[in-house]
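A quick write-up on the structure given underneath.
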Amino acid sequence: MQSSPNQLSRCNDVRNGINVRVFANAVDANTCVATEMAALIRQRAQDGKACVLGLATGSTPVGVYRELIRMHRDEGLSLQNVVTFNLDEYFPIQPDAPQSYVRFMNEHLFDFVDIDRKNIHIPDGTHPLDSVAADCCEYEKQIADAGGIDIQILGIGRTGHIGFNEPGSGRNGLTRLVKLNSLTRNDAAAAFGGLEKVPKSAITMGVKTILSARKIRLLAFGEHKASIVEQAVCGSVSDAVPATFLQGHQDVQFLLDEAAAEKLVSNQNESGDSC
Ligand code: F6R
């Protein structure tokens, strides 16, 4: 018998305002998030309203998108009332480049569901540098005009970045052009076929944009994320680890596999309290 999404997490704990949920594996965590998204999409459709999703790229959310596609194919989930805003995009980059986030989203979600293409928003990596600031203001306006983001999906970088808000990014940042951190560029080097080919900049929603979402669901899998997850949950709130700003959000969950949660467990004191 399949477990219901709420039964999937083995541990469910609130630490520094973050609801930390640990799952036996990434598949269970992905199912949990996709099920929550699908329920909201259906609820909004019933009410004749749009559902606004904030989406991430990278390896982490791929399983969520796979599950949404499965629900669309097998369970009649329609995404016709869905409006999406992606967190970020490399700059400069063409949409058909293998590493572009436009291409990523098409290949991992949009090409397989019935979303209306005009409802898809991804920061534009093709415009000349001198029009980027205006594009970023327009992106913020589009989010506001859509009524704000209902659920924002996040991964976390090893620098503690959310979106491409690298260390040093403050709590009040909005969508803007940023320089990529060298660790982040190194992590992307294989995908670009060498460090020198990785763009030095990106356009990203700011921390404030992300914190404006009504619900935030951060996914992290694997032992290489354990240390930064521990810092994000247990560290003092600071722009040195931008993910710590999530500690102040009213509805934030970290959905982790056991490997990514490992340091949180070892950070428990004898009474079982953490951080
Ligand atoms: C991607 C994004 C980044 C990634 C992060 C983790 O849109 O905003 O913050 O979520 O770099 O990447 P993965 O999932 O590849 O480990």
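In the structure tokens, each chain is lettered A, B, ... as it comes, each chain's residues begin at 1, and ligands are numbered from 1 in order of appearance.
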
Between region 66-152 of chain A and region 168-191 of chain A, at 7 Å or less, what are the per-residue closest atom pairs and their distances in Å? Count only C-alpha atoms, order by chain and rising residue number, and return it as JSON lines.
{"residue": "A:Gln99", "atom": "CA", "partner": "A:Ala191", "partner_atom": "CA", "distance": 6.8}
{"residue": "A:Ala133", "atom": "CA", "partner": "A:Arg176", "partner_atom": "CA", "distance": 6.6}
{"residue": "A:Cys136", "atom": "CA", "partner": "A:Thr175", "partner_atom": "CA", "distance": 5.3}
{"residue": "A:Glu140", "atom": "CA", "partner": "A:Thr175", "partner_atom": "CA", "distance": 6.6}

Could you write out the selected residues, including C-alpha atoms, as a PDB file, in the first residue's frame?
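This went into again-v9.pdb:
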ATOM      1  CA  GLN A  99      22.794  24.777 -20.073  1.00  0.00           C
ATOM      2  CA  ALA A 133      17.930  46.346 -14.764  1.00  0.00           C
ATOM      3  CA  CYS A 136      14.453  42.782 -13.522  1.00  0.00           C
ATOM      4  CA  GLU A 140       9.128  41.818 -10.026  1.00  0.00           C
TER       5      GLU A 140
END

Protein and nucleic residues near ligand 1, 9 Å, only C-alpha atoms and all ligand atoms, as a PyMOL selection string
chain A and resi 55-62+86-89+101+153-166+184+187-188+204-205+218-221+225

Please list as a PyMOL selection string every residue within 10 Å of region 142-144 of chain A, counting only C-alpha atoms and excluding residues in the same chain fewer than 6 positions away.
chain A and resi 52+54+83-85+121+136+209+212-213

Residues of the last selection are to be written out with C-alpha atoms, as a CSV table (one decimal), in the first residue's frame.
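File produced: out02.csv:
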chain,number,residue,atom,x,y,z
A,52,VAL,CA,1.4,30.7,-9.0
A,54,GLY,CA,8.1,29.6,-8.1
A,83,VAL,CA,1.6,30.5,-13.8
A,84,THR,CA,5.3,30.0,-13.2
A,85,PHE,CA,8.3,32.2,-12.3
A,121,HIS,CA,8.3,33.4,-16.9
A,136,CYS,CA,14.5,42.8,-13.5
A,209,THR,CA,11.5,38.1,-3.7
A,212,SER,CA,7.6,37.0,-0.4
A,213,ALA,CA,6.3,33.6,-1.5

Provide the CA of Asp114 (chain A) to CA of Leu77 (chain A) distance in Å, to one decimal place.
9.2 Å

Env of Tyr65 (chain A): 12 Å cut, atoms = only C-alpha atoms, seq-sep filter 2 positions within chain, self excluded. Answer as an mmCIF file with N, CA, C and O atoms, in the first residue's frame.
data_model
loop_
_atom_site.group_PDB
_atom_site.id
_atom_site.type_symbol
_atom_site.label_atom_id
_atom_site.label_comp_id
_atom_site.auth_asym_id
_atom_site.auth_seq_id
_atom_site.Cartn_x
_atom_site.Cartn_y
_atom_site.Cartn_z
ATOM 1 N N VAL A 27 12.893 10.301 -3.410
ATOM 2 C CA VAL A 27 11.620 10.054 -4.118
ATOM 3 C C VAL A 27 10.437 10.405 -3.211
ATOM 4 O O VAL A 27 9.475 11.064 -3.628
ATOM 5 N N ASN A 30 10.177 14.185 -2.907
ATOM 6 C CA ASN A 30 9.650 14.759 -4.147
ATOM 7 C C ASN A 30 8.144 14.538 -4.263
ATOM 8 O O ASN A 30 7.395 15.434 -4.671
ATOM 9 N N THR A 31 7.704 13.325 -3.901
ATOM 10 C CA THR A 31 6.281 12.999 -3.974
ATOM 11 C C THR A 31 5.490 13.919 -3.046
ATOM 12 O O THR A 31 4.414 14.413 -3.397
ATOM 13 N N CYS A 32 6.060 14.163 -1.881
ATOM 14 C CA CYS A 32 5.399 15.010 -0.900
ATOM 15 C C CYS A 32 5.190 16.431 -1.452
ATOM 16 O O CYS A 32 4.086 16.984 -1.385
ATOM 17 N N VAL A 33 6.247 16.996 -2.024
ATOM 18 C CA VAL A 33 6.147 18.362 -2.550
ATOM 19 C C VAL A 33 5.213 18.404 -3.764
ATOM 20 O O VAL A 33 4.350 19.295 -3.871
ATOM 21 N N ALA A 34 5.365 17.446 -4.673
ATOM 22 C CA ALA A 34 4.525 17.443 -5.877
ATOM 23 C C ALA A 34 3.050 17.284 -5.497
ATOM 24 O O ALA A 34 2.171 17.912 -6.111
ATOM 25 N N THR A 35 2.775 16.479 -4.482
ATOM 26 C CA THR A 35 1.391 16.267 -4.055
ATOM 27 C C THR A 35 0.800 17.552 -3.481
ATOM 28 O O THR A 35 -0.359 17.898 -3.744
ATOM 29 N N MET A 37 1.781 20.588 -4.291
ATOM 30 C CA MET A 37 1.584 21.508 -5.416
ATOM 31 C C MET A 37 0.307 21.135 -6.184
ATOM 32 O O MET A 37 -0.503 22.005 -6.522
ATOM 33 N N ALA A 38 0.139 19.837 -6.430
ATOM 34 C CA ALA A 38 -1.018 19.383 -7.213
ATOM 35 C C ALA A 38 -2.322 19.715 -6.491
ATOM 36 O O ALA A 38 -3.305 20.132 -7.125
ATOM 37 N N LEU A 55 9.687 28.295 -9.431
ATOM 38 C CA LEU A 55 10.374 27.049 -9.787
ATOM 39 C C LEU A 55 11.889 27.207 -9.774
ATOM 40 O O LEU A 55 12.424 28.302 -9.993
ATOM 41 N N ALA A 56 12.550 26.092 -9.525
ATOM 42 C CA ALA A 56 14.012 26.051 -9.492
ATOM 43 C C ALA A 56 14.501 25.091 -10.563
ATOM 44 O O ALA A 56 13.760 24.227 -11.033
ATOM 45 N N THR A 57 15.765 25.233 -10.918
ATOM 46 C CA THR A 57 16.410 24.271 -11.821
ATOM 47 C C THR A 57 17.482 23.522 -11.028
ATOM 48 O O THR A 57 17.472 23.534 -9.802
ATOM 49 N N GLY A 58 18.423 22.876 -11.733
ATOM 50 C CA GLY A 58 19.447 22.082 -11.045
ATOM 51 C C GLY A 58 18.961 20.654 -10.867
ATOM 52 O O GLY A 58 17.827 20.309 -11.235
ATOM 53 N N SER A 59 19.808 19.829 -10.279
ATOM 54 C CA SER A 59 19.463 18.406 -10.177
ATOM 55 C C SER A 59 18.367 18.151 -9.140
ATOM 56 O O SER A 59 17.590 17.204 -9.267
ATOM 57 N N THR A 60 18.285 18.999 -8.121
ATOM 58 C CA THR A 60 17.402 18.692 -6.987
ATOM 59 C C THR A 60 15.917 18.573 -7.346
ATOM 60 O O THR A 60 15.274 17.602 -6.935
ATOM 61 N N PRO A 61 15.308 19.527 -8.082
ATOM 62 C CA PRO A 61 13.854 19.461 -8.264
ATOM 63 C C PRO A 61 13.378 18.560 -9.397
ATOM 64 O O PRO A 61 12.168 18.449 -9.634
ATOM 65 N N VAL A 62 14.310 17.896 -10.074
ATOM 66 C CA VAL A 62 13.928 17.099 -11.249
ATOM 67 C C VAL A 62 12.860 16.055 -10.897
ATOM 68 O O VAL A 62 11.896 15.839 -11.646
ATOM 69 N N GLY A 63 13.004 15.426 -9.736
ATOM 70 C CA GLY A 63 12.041 14.398 -9.332
ATOM 71 C C GLY A 63 10.651 14.966 -9.056
ATOM 72 O O GLY A 63 9.640 14.285 -9.261
ATOM 73 N N GLU A 67 7.285 13.807 -11.096
ATOM 74 C CA GLU A 67 6.043 13.394 -10.438
ATOM 75 C C GLU A 67 4.852 14.238 -10.935
ATOM 76 O O GLU A 67 3.752 13.710 -11.137
ATOM 77 N N LEU A 68 5.069 15.526 -11.163
ATOM 78 C CA LEU A 68 3.982 16.361 -11.714
ATOM 79 C C LEU A 68 3.586 15.869 -13.111
ATOM 80 O O LEU A 68 2.397 15.822 -13.452
ATOM 81 N N ILE A 69 4.589 15.503 -13.906
ATOM 82 C CA ILE A 69 4.309 14.979 -15.255
ATOM 83 C C ILE A 69 3.510 13.676 -15.143
ATOM 84 O O ILE A 69 2.543 13.461 -15.881
ATOM 85 N N ARG A 70 3.900 12.823 -14.197
ATOM 86 C CA ARG A 70 3.176 11.553 -14.011
ATOM 87 C C ARG A 70 1.723 11.830 -13.613
ATOM 88 O O ARG A 70 0.783 11.219 -14.131
ATOM 89 N N MET A 71 1.534 12.780 -12.709
ATOM 90 C CA MET A 71 0.167 13.106 -12.280
ATOM 91 C C MET A 71 -0.652 13.674 -13.448
ATOM 92 O O MET A 71 -1.845 13.423 -13.550
ATOM 93 N N HIS A 72 0.009 14.456 -14.293
ATOM 94 C CA HIS A 72 -0.676 15.001 -15.475
ATOM 95 C C HIS A 72 -1.098 13.861 -16.401
ATOM 96 O O HIS A 72 -2.248 13.804 -16.858
ATOM 97 N N PHE A 104 16.219 23.779 -19.855
ATOM 98 C CA PHE A 104 16.061 22.837 -18.737
ATOM 99 C C PHE A 104 14.578 22.664 -18.396
ATOM 100 O O PHE A 104 14.078 21.538 -18.244
ATOM 101 N N MET A 105 13.873 23.792 -18.262
ATOM 102 C CA MET A 105 12.460 23.704 -17.849
ATOM 103 C C MET A 105 11.606 23.043 -18.928
ATOM 104 O O MET A 105 10.687 22.281 -18.612
ATOM 105 N N ASN A 106 11.929 23.320 -20.199
ATOM 106 C CA ASN A 106 11.193 22.649 -21.280
ATOM 107 C C ASN A 106 11.411 21.147 -21.219
ATOM 108 O O ASN A 106 10.470 20.364 -21.310
ATOM 109 N N GLU A 107 12.675 20.766 -21.036
ATOM 110 C CA GLU A 107 13.015 19.336 -21.099
ATOM 111 C C GLU A 107 12.581 18.561 -19.859
ATOM 112 O O GLU A 107 12.393 17.351 -19.921
ATOM 113 N N HIS A 108 12.444 19.262 -18.731
ATOM 114 C CA HIS A 108 12.095 18.541 -17.496
ATOM 115 C C HIS A 108 10.651 18.716 -17.058
ATOM 116 O O HIS A 108 10.185 18.004 -16.180
ATOM 117 N N LEU A 109 9.933 19.694 -17.662
ATOM 118 C CA LEU A 109 8.534 19.874 -17.247
ATOM 119 C C LEU A 109 7.630 20.381 -18.379
ATOM 120 O O LEU A 109 6.686 19.692 -18.761
ATOM 121 N N PHE A 110 7.929 21.560 -18.894
ATOM 122 C CA PHE A 110 6.925 22.264 -19.700
ATOM 123 C C PHE A 110 6.517 21.514 -20.969
ATOM 124 O O PHE A 110 5.365 21.588 -21.388
ATOM 125 N N ASP A 111 7.463 20.772 -21.583
ATOM 126 C CA ASP A 111 7.121 20.066 -22.831
ATOM 127 C C ASP A 111 6.165 18.893 -22.595
ATOM 128 O O ASP A 111 5.650 18.322 -23.555
ATOM 129 N N PHE A 112 5.950 18.533 -21.331
ATOM 130 C CA PHE A 112 5.183 17.313 -21.039
ATOM 131 C C PHE A 112 3.869 17.568 -20.326
ATOM 132 O O PHE A 112 3.191 16.624 -19.914
ATOM 133 N N VAL A 113 3.534 18.850 -20.132
ATOM 134 C CA VAL A 113 2.273 19.179 -19.452
ATOM 135 C C VAL A 113 1.519 20.213 -20.279
ATOM 136 O O VAL A 113 2.027 20.694 -21.297
ATOM 137 N N ILE A 153 9.631 26.615 -4.851
ATOM 138 C CA ILE A 153 10.522 25.455 -4.699
ATOM 139 C C ILE A 153 11.968 25.957 -4.718
ATOM 140 O O ILE A 153 12.326 26.773 -5.577
#

Could you pull out the residues in region 1-232 of chain A that DSSP calls alpha helix (DSSP H) from the backbone, as an MDAnalysis selection string?
chainID A and resid 26:46 62:75 101:108 132:145 182:192 207:211 226:232

May I ask which of the residues A:Ile203, A:Leu195, A:Leu264, A:Ala50 is the closest one to Asn81 (chain A), counting only C-alpha atoms?
A:Ala50

May I have the residues within 8 Å of Ile93 (chain A) as a list in words, using only C-alpha atoms and disregarding those fewer than 4 positions away in the same chain?
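Once the adjacent positions are removed, what remains is Ala97, Ser100, Gly125, Thr126 and Pro199 of chain A.
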
Using N, CA and C atoms, can you write the selected residues to a file as a PDB file, in the first residue's frame?
ATOM      1  N   ALA A  97      20.700  27.118 -25.633  1.00  0.00           N
ATOM      2  CA  ALA A  97      21.981  26.554 -25.162  1.00  0.00           C
ATOM      3  C   ALA A  97      21.679  25.381 -24.235  1.00  0.00           C
ATOM      4  N   SER A 100      21.007  26.360 -20.658  1.00  0.00           N
ATOM      5  CA  SER A 100      20.065  27.436 -20.314  1.00  0.00           C
ATOM      6  C   SER A 100      18.907  26.872 -19.489  1.00  0.00           C
ATOM      7  N   GLY A 125      18.100  35.832 -20.414  1.00  0.00           N
ATOM      8  CA  GLY A 125      19.568  35.927 -20.469  1.00  0.00           C
ATOM      9  C   GLY A 125      20.087  36.442 -21.790  1.00  0.00           C
ATOM     10  N   THR A 126      19.174  36.908 -22.667  1.00  0.00           N
ATOM     11  CA  THR A 126      19.614  37.277 -24.024  1.00  0.00           C
ATOM     12  C   THR A 126      19.698  38.780 -24.252  1.00  0.00           C
ATOM     13  N   PRO A 199      29.263  31.111 -17.547  1.00  0.00           N
ATOM     14  CA  PRO A 199      29.060  32.567 -17.450  1.00  0.00           C
ATOM     15  C   PRO A 199      29.473  33.081 -16.076  1.00  0.00           C
TER      16      PRO A 199
END

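CA of Asp124 (chain A) lies 29.1 Å from CA of Asp251 (chain A).
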
Quick one: of A:Val252, A:Val229, A:Val241, A:Val64, who's nearest to Ala29 (chain A), counting only C-alpha atoms?
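Going through A:Val252, A:Val229, A:Val241, A:Val64 one by one, the smallest distance to Ala29 (chain A) is for A:Val64.
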
Out of region 9-233 of chain A, which residues get strand (DSSP E) from DSSP, as a VMD selection string?
chain A and resid 9 to 15 18 to 23 51 to 55 82 to 86 88 to 91 120 to 121 151 to 154 176 to 179 201 to 204 215 to 220

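Among the candidates A:Arg217, A:Lys141, A:Gly148, A:Arg73, the residue lying nearest to Leu255 (chain A) is A:Arg217 (atoms considered: only C-alpha atoms).
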